[in-house]
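S.K.: Take a look at model-v8.pdb, PDB, C-alpha atoms and all ligand atoms:
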```
ATOM      1  CA  MET U   1     -50.888-121.536-104.152
ATOM      2  CA  ASP U   2     -53.913-119.293-103.639
ATOM      3  CA  LEU U   3     -56.929-121.583-103.537
ATOM      4  CA  HIS U   4     -59.416-118.700-103.511
ATOM      5  CA  ARG U   5     -57.863-117.162-106.616
ATOM      6  CA  ASP U   6     -57.730-120.534-108.367
ATOM      7  CA  LEU U   7     -61.421-121.081-107.634
ATOM      8  CA  GLU U   8     -62.336-117.590-108.849
ATOM      9  CA  ASP U   9     -60.364-118.230-112.026
ATOM     10  CA  LEU U  10     -62.125-121.537-112.506
ATOM     11  CA  LEU U  11     -65.578-119.990-112.133
ATOM     12  CA  ALA U  12     -64.865-116.834-114.131
ATOM     13  CA  VAL U  13     -66.503-116.395-117.503
ATOM     14  CA  PRO U  14     -63.807-115.579-120.064
ATOM     15  CA  SER U  15     -64.072-112.004-121.374
ATOM     16  CA  PHE U  16     -64.380-113.135-124.988
ATOM     17  CA  TYR U  17     -67.572-115.023-124.156
ATOM     18  CA  LYS U  18     -69.679-111.866-124.501
ATOM     19  CA  ASP U  19     -69.085-112.090-128.265
ATOM     20  CA  ALA U  20     -69.333-115.870-128.485
ATOM     21  CA  ASN U  21     -71.349-117.387-131.272
ATOM     22  CA  CYS U  22     -72.296-120.290-129.002
ATOM     23  CA  LYS U  23     -74.089-118.102-126.467
ATOM     24  CA  GLY U  24     -77.609-119.421-126.117
ATOM     25  CA  THR U  25     -76.980-122.540-128.176
ATOM     26  CA  ASN U  26     -77.282-126.112-126.951
ATOM     27  CA  GLN U  27     -74.160-126.708-124.853
ATOM     28  CA  ASP U  28     -74.559-130.462-125.332
ATOM     29  CA  ASP U  29     -73.327-129.885-128.895
ATOM     30  CA  PHE U  30     -70.085-128.491-127.449
ATOM     31  CA  PHE U  31     -69.654-131.223-124.864
ATOM     32  CA  PRO U  32     -70.773-134.303-126.792
ATOM     33  CA  ASP U  33     -70.641-137.801-125.421
ATOM     34  CA  ARG U  34     -67.670-139.845-126.579
ATOM     35  CA  GLY U  35     -68.134-140.799-130.223
ATOM     36  CA  SER U  36     -70.942-138.285-130.834
ATOM     37  CA  SER U  37     -70.800-135.778-133.656
ATOM     38  CA  THR U  38     -68.977-132.464-133.240
ATOM     39  CA  VAL U  39     -70.165-131.114-136.595
ATOM     40  CA  ILE U  40     -72.747-128.668-135.214
ATOM     41  CA  ALA U  41     -70.348-127.171-132.654
ATOM     42  CA  LYS U  42     -67.534-126.857-135.174
ATOM     43  CA  GLN U  43     -69.884-125.171-137.640
ATOM     44  CA  ILE U  44     -70.928-122.615-135.005
ATOM     45  CA  CYS U  45     -67.275-122.046-134.065
ATOM     46  CA  SER U  46     -66.249-121.551-137.682
ATOM     47  CA  GLU U  47     -68.419-118.427-137.823
ATOM     48  CA  CYS U  48     -67.397-117.099-134.412
ATOM     49  CA  LYS U  49     -65.428-113.870-134.254
ATOM     50  CA  VAL U  50     -63.657-114.856-131.008
ATOM     51  CA  ARG U  51     -62.563-118.270-132.274
ATOM     52  CA  VAL U  52     -58.839-117.519-131.955
ATOM     53  CA  GLU U  53     -59.146-116.194-128.393
ATOM     54  CA  CYS U  54     -61.346-119.124-127.420
ATOM     55  CA  LEU U  55     -58.943-121.702-128.808
ATOM     56  CA  GLU U  56     -55.963-120.034-127.132
ATOM     57  CA  TYR U  57     -57.818-119.946-123.814
ATOM     58  CA  ALA U  58     -58.525-123.676-123.989
ATOM     59  CA  VAL U  59     -55.029-124.607-125.181
ATOM     60  CA  GLU U  60     -53.344-122.575-122.434
ATOM     61  CA  ARG U  61     -55.588-124.005-119.728
ATOM     62  CA  LYS U  62     -55.184-127.537-121.058
ATOM     63  CA  GLU U  63     -58.956-127.763-121.167
ATOM     64  CA  ARG U  64     -59.759-131.450-121.260
ATOM     65  CA  PHE U  65     -63.350-131.417-122.398
ATOM     66  CA  GLY U  66     -65.453-129.977-125.169
ATOM     67  CA  ILE U  67     -65.092-128.098-128.411
ATOM     68  CA  TRP U  68     -63.312-124.774-127.988
ATOM     69  CA  GLY U  69     -62.302-122.548-130.871
ATOM     70  CA  GLY U  70     -63.545-125.213-133.247
ATOM     71  CA  LYS U  71     -61.112-127.841-131.957
ATOM     72  CA  SER U  72     -61.626-131.022-129.990
ATOM     73  CA  GLU U  73     -59.519-131.996-126.996
ATOM     74  CA  ARG U  74     -57.440-134.296-129.207
ATOM     75  CA  GLU U  75     -56.859-131.508-131.731
ATOM     76  CA  ARG U  76     -55.854-129.115-128.946
ATOM     77  CA  ARG U  77     -53.411-131.701-127.598
ATOM     78  CA  ALA U  78     -51.864-131.901-131.065
ATOM     79  CA  ILE U  79     -51.505-128.109-131.105
ATOM     80  CA  ARG U  80     -49.729-128.166-127.734
ATOM     81  CA  ARG U  81     -47.457-130.993-128.921
ATOM     82  CA  GLU U  82     -46.591-129.107-132.107
ATOM     83  CA  ARG U  83     -45.812-125.967-130.129
ATOM     84  CA  ARG U  84     -43.557-127.923-127.763
ATOM     85  CA  ASN U  85     -41.733-129.469-130.724
ATOM     86  CA  ASN U  86     -41.296-126.086-132.377
ATOM     87  CA  GLU U  87     -39.979-124.679-129.114
ATOM     88  CA  LYS U  88     -37.407-127.484-128.832
ATOM     89  CA  LYS U  89     -36.282-126.943-132.428
ATOM     90  CA  SER U  90     -35.788-123.225-131.862
ATOM     91  CA  LYS U  91     -33.410-123.800-128.902
TER      92      LYS U  91
HETATM   93  S1  LIG P   1     -65.143-120.430-130.879
HETATM   94 FE1  LIG P   1     -66.857-121.805-130.566
HETATM   95  S2  LIG P   1     -66.775-122.417-128.436
HETATM   96 FE2  LIG P   1     -65.485-120.640-128.674
HETATM   97  S3  LIG P   1     -66.758-118.894-128.156
HETATM   98 FE3  LIG P   1     -66.880-119.169-130.344
HETATM   99  S4  LIG P   1     -68.624-120.474-130.740
HETATM  100 FE4  LIG P   1     -68.129-120.630-128.563
END
```
Kindly transcribe the structure held in the file into structure tokens.
M.R.:
Amino acid sequence: MDLHRDLEDLLAVPSFYKDANCKGTNQDDFFPDRGSSTVIAKQICSECKVRVECLEYAVERKERFGIWGGKSERERRAIRRERRNNEKKSK
């Protein structure tokens, strides 16, 4: 384990972010309190040209908080579960 590298990775801004539709928007919309609306964030994501990259980034990193690629944490968990199931079926 390389702690320095892990920390750098954690603090790094993903390359796709330069084209992100959410740049300069209210980040509270993307990290809402439990039970708060995600409609604004999902609307912004739906028009984002790096939506696929963003979602993949969050799914791969098992990102636990926020709206990424237009999906909530629960929706991303479902994606991971579906992928695992598909992987098992293909073996
Ligand atoms: S998909 Fe959404 S969260 Fe991801 S970069 Fe685009 S606007 Fe931001």
S.K.: Identify, counting all atoms listed in the file, the protein, DNA and RNA residues located within 12 Å of ligand LIG 1 (chain P), and give them as a tab-separated table (two decimals) with C-alpha atoms, keeping the file's coordinate frame.
M.R.:
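Result file is out-v7.tsv:
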```tsv
chain	number	residue	atom	x	y	z
U	13	VAL	CA	-66.50	-116.40	-117.50
U	14	PRO	CA	-63.81	-115.58	-120.06
U	15	SER	CA	-64.07	-112.00	-121.37
U	16	PHE	CA	-64.38	-113.14	-124.99
U	17	TYR	CA	-67.57	-115.02	-124.16
U	18	LYS	CA	-69.68	-111.87	-124.50
U	19	ASP	CA	-69.08	-112.09	-128.26
U	20	ALA	CA	-69.33	-115.87	-128.49
U	21	ASN	CA	-71.35	-117.39	-131.27
U	22	CYS	CA	-72.30	-120.29	-129.00
U	23	LYS	CA	-74.09	-118.10	-126.47
U	24	GLY	CA	-77.61	-119.42	-126.12
U	25	THR	CA	-76.98	-122.54	-128.18
U	26	ASN	CA	-77.28	-126.11	-126.95
U	27	GLN	CA	-74.16	-126.71	-124.85
U	28	ASP	CA	-74.56	-130.46	-125.33
U	29	ASP	CA	-73.33	-129.88	-128.90
U	30	PHE	CA	-70.08	-128.49	-127.45
U	31	PHE	CA	-69.65	-131.22	-124.86
U	38	THR	CA	-68.98	-132.46	-133.24
U	39	VAL	CA	-70.17	-131.11	-136.60
U	40	ILE	CA	-72.75	-128.67	-135.21
U	41	ALA	CA	-70.35	-127.17	-132.65
U	42	LYS	CA	-67.53	-126.86	-135.17
U	43	GLN	CA	-69.88	-125.17	-137.64
U	44	ILE	CA	-70.93	-122.62	-135.00
U	45	CYS	CA	-67.28	-122.05	-134.06
U	46	SER	CA	-66.25	-121.55	-137.68
U	47	GLU	CA	-68.42	-118.43	-137.82
U	48	CYS	CA	-67.40	-117.10	-134.41
U	49	LYS	CA	-65.43	-113.87	-134.25
U	50	VAL	CA	-63.66	-114.86	-131.01
U	51	ARG	CA	-62.56	-118.27	-132.27
U	52	VAL	CA	-58.84	-117.52	-131.96
U	53	GLU	CA	-59.15	-116.19	-128.39
U	54	CYS	CA	-61.35	-119.12	-127.42
U	55	LEU	CA	-58.94	-121.70	-128.81
U	56	GLU	CA	-55.96	-120.03	-127.13
U	57	TYR	CA	-57.82	-119.95	-123.81
U	58	ALA	CA	-58.52	-123.68	-123.99
U	59	VAL	CA	-55.03	-124.61	-125.18
U	63	GLU	CA	-58.96	-127.76	-121.17
U	65	PHE	CA	-63.35	-131.42	-122.40
U	66	GLY	CA	-65.45	-129.98	-125.17
U	67	ILE	CA	-65.09	-128.10	-128.41
U	68	TRP	CA	-63.31	-124.77	-127.99
U	69	GLY	CA	-62.30	-122.55	-130.87
U	70	GLY	CA	-63.54	-125.21	-133.25
U	71	LYS	CA	-61.11	-127.84	-131.96
U	72	SER	CA	-61.63	-131.02	-129.99
```
S.K.: Please evaluate the PyMOL selection byres (((chain U and resi 80) around 12) and not hetatm) against the displayed coordinates and give the resulting residues as a list in words.
M.R.: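 For this structure, the PyMOL selection byres (((chain U and resi 80) around 12) and not hetatm) resolves to Leu55, Glu56, Ala58, Val59, Glu60, Arg61, Lys62, Glu63, Glu73, Arg74, Glu75, Arg76, Arg77, Ala78, Ile79, Arg81, Glu82, Arg83, Arg84, Asn85, Asn86 and Glu87 of chain U.
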S.K.: Rounded to one decimal, what separation in Å do you get between CA of Leu10 in chain U and CA of Ser37 in chain U?
M.R.: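 About the pair CA of Leu10 in chain U and CA of Ser37 in chain U: they are 26.9 Å apart.
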S.K.: Each side padded by 4 Å, which centre and which edge lengths in Å (one decimal) define the axis-aligned box around the listed atoms of range 20-23 of chain U? Give them as AutoDock Vina command-line options.
M.R.:
```
--center_x -71.7 --center_y -118.1 --center_z -128.9 --size_x 12.8 --size_y 12.4 --size_z 12.8
```
S.K.: Between CA of Arg64 in chain U and CA of Lys88 in chain U, measure the distance and give it in Å to one decimal.
M.R.: 23.9 Å
